[in-house]
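Colleague: I am attaching a structure below and will ask some questions about it afterwards.
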Amino acid sequence: MKRKGAKIVFGRGVLALSLLIPSLSSLAQVAATLSGAITGSAGRVVSSAQVSVKNVQSGKSTETQSNSAGIYSVPNLTPGDYEVSVAAQGLASKVARITLTGDEQQTMNFNLNAGSAQQEIPPNKSTAAPPADLANAPSASQTSPSLQDLGITPKQTQGNAQMQEMLDKRTHMLKVHQTLGLITAIPMVATVITGPQAKAKGRNGQIITEPTTANLDFHIALGSLTTGLYWTTAYYSTFAPKVSGVTPKGAIRLHRALEWVHGPGMILTPVLGIMAYKQENAGEKVHGVASQHGTVAYVTAIAYGASIVSISWPIHLKFWK
């Protein structure tokens, strides 16, 4: 009878996973990253420039600033048309439109001229034509201007190239982090589902039903797989290159806040599980802090699922901005 019940529970778990996997796979494809360099006259980098990336369809905006190297980066954007505006003190602000597709890194650079008037840039163009008062500016009939024509020195070009390489590495590691995070959710859900079948049942302080060896071994194997995948996932986020001067906002802020819930939970859950396992092997009813193993596991799984949804679903609450 117990074997039949275990098969029913396991079958339901497999069915739930089969329905979950396609939705998780689709969520992994919606993130895009927009980054670029902001320069002023003579190619000088512009730090602390205000950058606003607004989704034309939804009207929701993501704000950030350029760092000390004049680089900005806005990750986790849903595909669509965006209006990008850049403003810096003493320089003319600029507005441009760009179309982002899923799962890609796209670059849009801005060159801000002195003044206060807002300048429009044609859609999907990263820079405007050089001003006519540049000494080496070519005429319209000549070839495109070089970086030196625009006042950008080779040293500055090399610095930006290094920064772009860092941004590319960060984007790659965060994409791996997101993909592994979705994969980790599969054995985590299965571990939670099989938990009741691996728990001894008691009455009046006496164990009346013990879990089968197969159920217990399967539950432990799933838990071990979940733990290994979780910390591998965390590695790609923790050691991804950091962009200075960028403050997490919106969904990213919520995502990081939830890490303080499911991170400790992934440490406590296996520890409490081992304690409970030893107590049951000694013929005792699970007691003390070990009895909280299931509760901690459920809270950890819920927090982990919420952290996935926070960056994979196009929800940006004003409270978190």
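How things are named: the first chain in the structure tokens is A, the next is B, and so on; residues count from 1 in each chain; ligands count from 1 in the order shown.
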Taking the backbone alone, and naming residues the way the document does, which bits of segment 194-281 of chain A are strand (DSSP E) by DSSP, as a PyMOL selection string?
Modeller: chain A and resi 201-203+206-209
Colleague: Selected residues, N, CA and C atoms, written as a PDB file, in the first residue's frame, please.
Modeller:
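The resulting file, part12.pdb, is reproduced below:
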ATOM      1  N   LYS A 201       6.393   8.528  10.209  1.00  0.00           N
ATOM      2  CA  LYS A 201       5.156   9.027  10.797  1.00  0.00           C
ATOM      3  C   LYS A 201       4.980   8.416  12.179  1.00  0.00           C
ATOM      4  N   GLY A 202       4.589   9.238  13.145  1.00  0.00           N
ATOM      5  CA  GLY A 202       4.451   8.749  14.509  1.00  0.00           C
ATOM      6  C   GLY A 202       3.159   9.172  15.153  1.00  0.00           C
ATOM      7  N   ARG A 203       2.885   8.558  16.309  1.00  0.00           N
ATOM      8  CA  ARG A 203       1.690   8.887  17.064  1.00  0.00           C
ATOM      9  C   ARG A 203       1.989   8.671  18.545  1.00  0.00           C
ATOM     10  N   GLN A 206       5.475   7.651  19.418  1.00  0.00           N
ATOM     11  CA  GLN A 206       5.986   6.385  18.895  1.00  0.00           C
ATOM     12  C   GLN A 206       5.931   6.386  17.378  1.00  0.00           C
ATOM     13  N   ILE A 207       6.987   5.862  16.738  1.00  0.00           N
ATOM     14  CA  ILE A 207       7.024   5.763  15.274  1.00  0.00           C
ATOM     15  C   ILE A 207       6.175   4.575  14.858  1.00  0.00           C
ATOM     16  N   ILE A 208       5.160   4.820  14.031  1.00  0.00           N
ATOM     17  CA  ILE A 208       4.278   3.745  13.589  1.00  0.00           C
ATOM     18  C   ILE A 208       4.506   3.393  12.112  1.00  0.00           C
ATOM     19  N   THR A 209       5.114   4.312  11.366  1.00  0.00           N
ATOM     20  CA  THR A 209       5.404   4.047   9.951  1.00  0.00           C
ATOM     21  C   THR A 209       6.770   4.609   9.616  1.00  0.00           C
TER      22      THR A 209
END
Colleague: If you count only C-alpha atoms, which residues fall within 10 Å of Ile38 of chain A, apart from same-chain ones fewer than 2 positions away, as a list in words?
Modeller: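 So the residues in contact are Ser35, Gly36, Gly40, Gly43, Arg44, Val45, Val46, Ser47, Ser48, Ala49, Val51, Ser66, Asn67, Ala69, Gly70, Ile71, Tyr72, Val86, Ala87, Ala88, Met108, Asn109, Phe110, Asn111, Leu112 and Thr127 of chain A.
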Colleague: Report, in Å to a single decimal, how far apart atom CA of Ala32 of chain A and atom CA of Gln162 of chain A are.
Modeller: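 Computed distance, atom CA of Gln162 of chain A to atom CA of Ala32 of chain A, equals 20.9 Å.
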Colleague: Which residue out of A:Lys199, A:His172, A:His262, A:Arg256 has the minimum interatomic distance to Ala303 of chain A when only C-alpha atoms are used?
Modeller: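 Once distances to Ala303 of chain A are computed over only C-alpha atoms, the minimum belongs to A:His262.
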Colleague: Excluding segment 55-64 of chain A and its own-chain neighbours fewer than 6 positions away, which residues fall within 8 Å of it when counting only C-alpha atoms? Please give them as a PyMOL selection string.
Modeller: chain A and resi 72-74+80-83+246-247+249-250+316
Colleague: For Thr233 of chain A, which residue among A:Val95, A:Val261, A:Ile274, A:Ile183 is the nearest when counting only C-alpha atoms?
Modeller: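 Once distances to Thr233 of chain A are computed over only C-alpha atoms, the minimum belongs to A:Ile183.
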Colleague: So which residues touch Gln292 of chain A within 10 Å, counting only C-alpha atoms, skipping near sequence neighbours fewer than 3 positions away, as a PyMOL selection string?
Modeller: chain A and resi 268-269+272-273+276+286-289+295-297
Colleague: Take the residues just selected and output them with C-alpha atoms as a PDB file, in the first residue's frame.
Modeller:
ATOM      1  CA  LEU A 268      20.159  24.914   7.129  1.00  0.00           C
ATOM      2  CA  THR A 269      17.985  22.492   5.140  1.00  0.00           C
ATOM      3  CA  LEU A 272      18.568  19.786   9.722  1.00  0.00           C
ATOM      4  CA  GLY A 273      17.889  16.883   7.363  1.00  0.00           C
ATOM      5  CA  ALA A 276      16.506  14.282  11.526  1.00  0.00           C
ATOM      6  CA  VAL A 286      12.353  13.708  15.191  1.00  0.00           C
ATOM      7  CA  HIS A 287      12.538  16.449  17.783  1.00  0.00           C
ATOM      8  CA  GLY A 288      14.182  19.793  18.569  1.00  0.00           C
ATOM      9  CA  VAL A 289      15.444  22.003  15.762  1.00  0.00           C
ATOM     10  CA  THR A 295       9.430  24.079   7.265  1.00  0.00           C
ATOM     11  CA  VAL A 296      12.856  25.479   6.409  1.00  0.00           C
ATOM     12  CA  ALA A 297      12.857  23.514   3.138  1.00  0.00           C
TER      13      ALA A 297
END
Colleague: Name the residues in contact with segment 164-171 of chain A at a cut-off of 9 Å, using only C-alpha atoms, excluding same-chain residues fewer than 4 positions from it; report them as JSON, numbers by chain.
Modeller: {"A": [33, 35, 36, 37, 71, 73, 75, 104, 105, 159, 160, 175, 176, 237, 239, 240, 241, 242, 243]}
Colleague: Would you put the residues from that selection into a file with N, CA and C atoms, as a PDB file, in the first residue's frame?
Modeller:
ATOM      1  N   THR A  33      20.467  42.806 -22.342  1.00  0.00           N
ATOM      2  CA  THR A  33      21.291  43.785 -21.632  1.00  0.00           C
ATOM      3  C   THR A  33      21.677  44.905 -22.593  1.00  0.00           C
ATOM      4  N   SER A  35      24.135  48.259 -22.858  1.00  0.00           N
ATOM      5  CA  SER A  35      25.271  48.919 -22.230  1.00  0.00           C
ATOM      6  C   SER A  35      25.957  49.811 -23.255  1.00  0.00           C
ATOM      7  N   GLY A  36      26.887  50.613 -22.780  1.00  0.00           N
ATOM      8  CA  GLY A  36      27.607  51.481 -23.699  1.00  0.00           C
ATOM      9  C   GLY A  36      28.472  52.493 -22.960  1.00  0.00           C
ATOM     10  N   ALA A  37      29.121  53.352 -23.728  1.00  0.00           N
ATOM     11  CA  ALA A  37      30.008  54.378 -23.177  1.00  0.00           C
ATOM     12  C   ALA A  37      29.413  55.757 -23.437  1.00  0.00           C
ATOM     13  N   ILE A  71      30.971  54.233 -18.392  1.00  0.00           N
ATOM     14  CA  ILE A  71      30.247  53.062 -18.867  1.00  0.00           C
ATOM     15  C   ILE A  71      28.959  52.886 -18.073  1.00  0.00           C
ATOM     16  N   SER A  73      25.374  50.190 -17.787  1.00  0.00           N
ATOM     17  CA  SER A  73      24.870  48.863 -18.143  1.00  0.00           C
ATOM     18  C   SER A  73      23.512  48.661 -17.490  1.00  0.00           C
ATOM     19  N   PRO A  75      20.909  45.560 -17.245  1.00  0.00           N
ATOM     20  CA  PRO A  75      20.607  44.164 -17.567  1.00  0.00           C
ATOM     21  C   PRO A  75      19.123  43.834 -17.383  1.00  0.00           C
ATOM     22  N   GLU A 104      20.253  38.818 -25.450  1.00  0.00           N
ATOM     23  CA  GLU A 104      21.365  39.381 -26.212  1.00  0.00           C
ATOM     24  C   GLU A 104      21.989  40.554 -25.476  1.00  0.00           C
ATOM     25  N   GLN A 105      23.222  40.854 -25.842  1.00  0.00           N
ATOM     26  CA  GLN A 105      23.928  42.040 -25.337  1.00  0.00           C
ATOM     27  C   GLN A 105      23.955  43.054 -26.464  1.00  0.00           C
ATOM     28  N   GLY A 159      40.988  51.670 -23.196  1.00  0.00           N
ATOM     29  CA  GLY A 159      40.312  51.587 -21.905  1.00  0.00           C
ATOM     30  C   GLY A 159      38.865  51.157 -22.060  1.00  0.00           C
ATOM     31  N   ASN A 160      38.155  51.727 -23.035  1.00  0.00           N
ATOM     32  CA  ASN A 160      36.774  51.354 -23.272  1.00  0.00           C
ATOM     33  C   ASN A 160      36.654  49.919 -23.742  1.00  0.00           C
ATOM     34  N   LYS A 175      24.173  35.180 -17.469  1.00  0.00           N
ATOM     35  CA  LYS A 175      23.293  34.318 -18.267  1.00  0.00           C
ATOM     36  C   LYS A 175      23.422  32.859 -17.827  1.00  0.00           C
ATOM     37  N   VAL A 176      24.674  32.423 -17.556  1.00  0.00           N
ATOM     38  CA  VAL A 176      24.874  31.066 -17.046  1.00  0.00           C
ATOM     39  C   VAL A 176      24.206  30.926 -15.687  1.00  0.00           C
ATOM     40  N   SER A 237      27.097  34.081 -10.082  1.00  0.00           N
ATOM     41  CA  SER A 237      26.612  35.397  -9.706  1.00  0.00           C
ATOM     42  C   SER A 237      27.621  36.120  -8.819  1.00  0.00           C
ATOM     43  N   PHE A 239      30.920  35.723  -8.485  1.00  0.00           N
ATOM     44  CA  PHE A 239      32.215  36.050  -9.072  1.00  0.00           C
ATOM     45  C   PHE A 239      32.114  36.718 -10.449  1.00  0.00           C
ATOM     46  N   ALA A 240      30.906  37.095 -10.858  1.00  0.00           N
ATOM     47  CA  ALA A 240      30.776  37.875 -12.092  1.00  0.00           C
ATOM     48  C   ALA A 240      31.396  39.258 -11.850  1.00  0.00           C
ATOM     49  N   PRO A 241      32.119  39.828 -12.828  1.00  0.00           N
ATOM     50  CA  PRO A 241      32.735  41.148 -12.642  1.00  0.00           C
ATOM     51  C   PRO A 241      31.695  42.183 -12.241  1.00  0.00           C
ATOM     52  N   LYS A 242      32.049  43.035 -11.298  1.00  0.00           N
ATOM     53  CA  LYS A 242      31.132  44.063 -10.808  1.00  0.00           C
ATOM     54  C   LYS A 242      31.353  45.373 -11.566  1.00  0.00           C
ATOM     55  N   VAL A 243      30.268  46.078 -11.830  1.00  0.00           N
ATOM     56  CA  VAL A 243      30.330  47.381 -12.488  1.00  0.00           C
ATOM     57  C   VAL A 243      30.182  48.445 -11.412  1.00  0.00           C
TER      58      VAL A 243
END
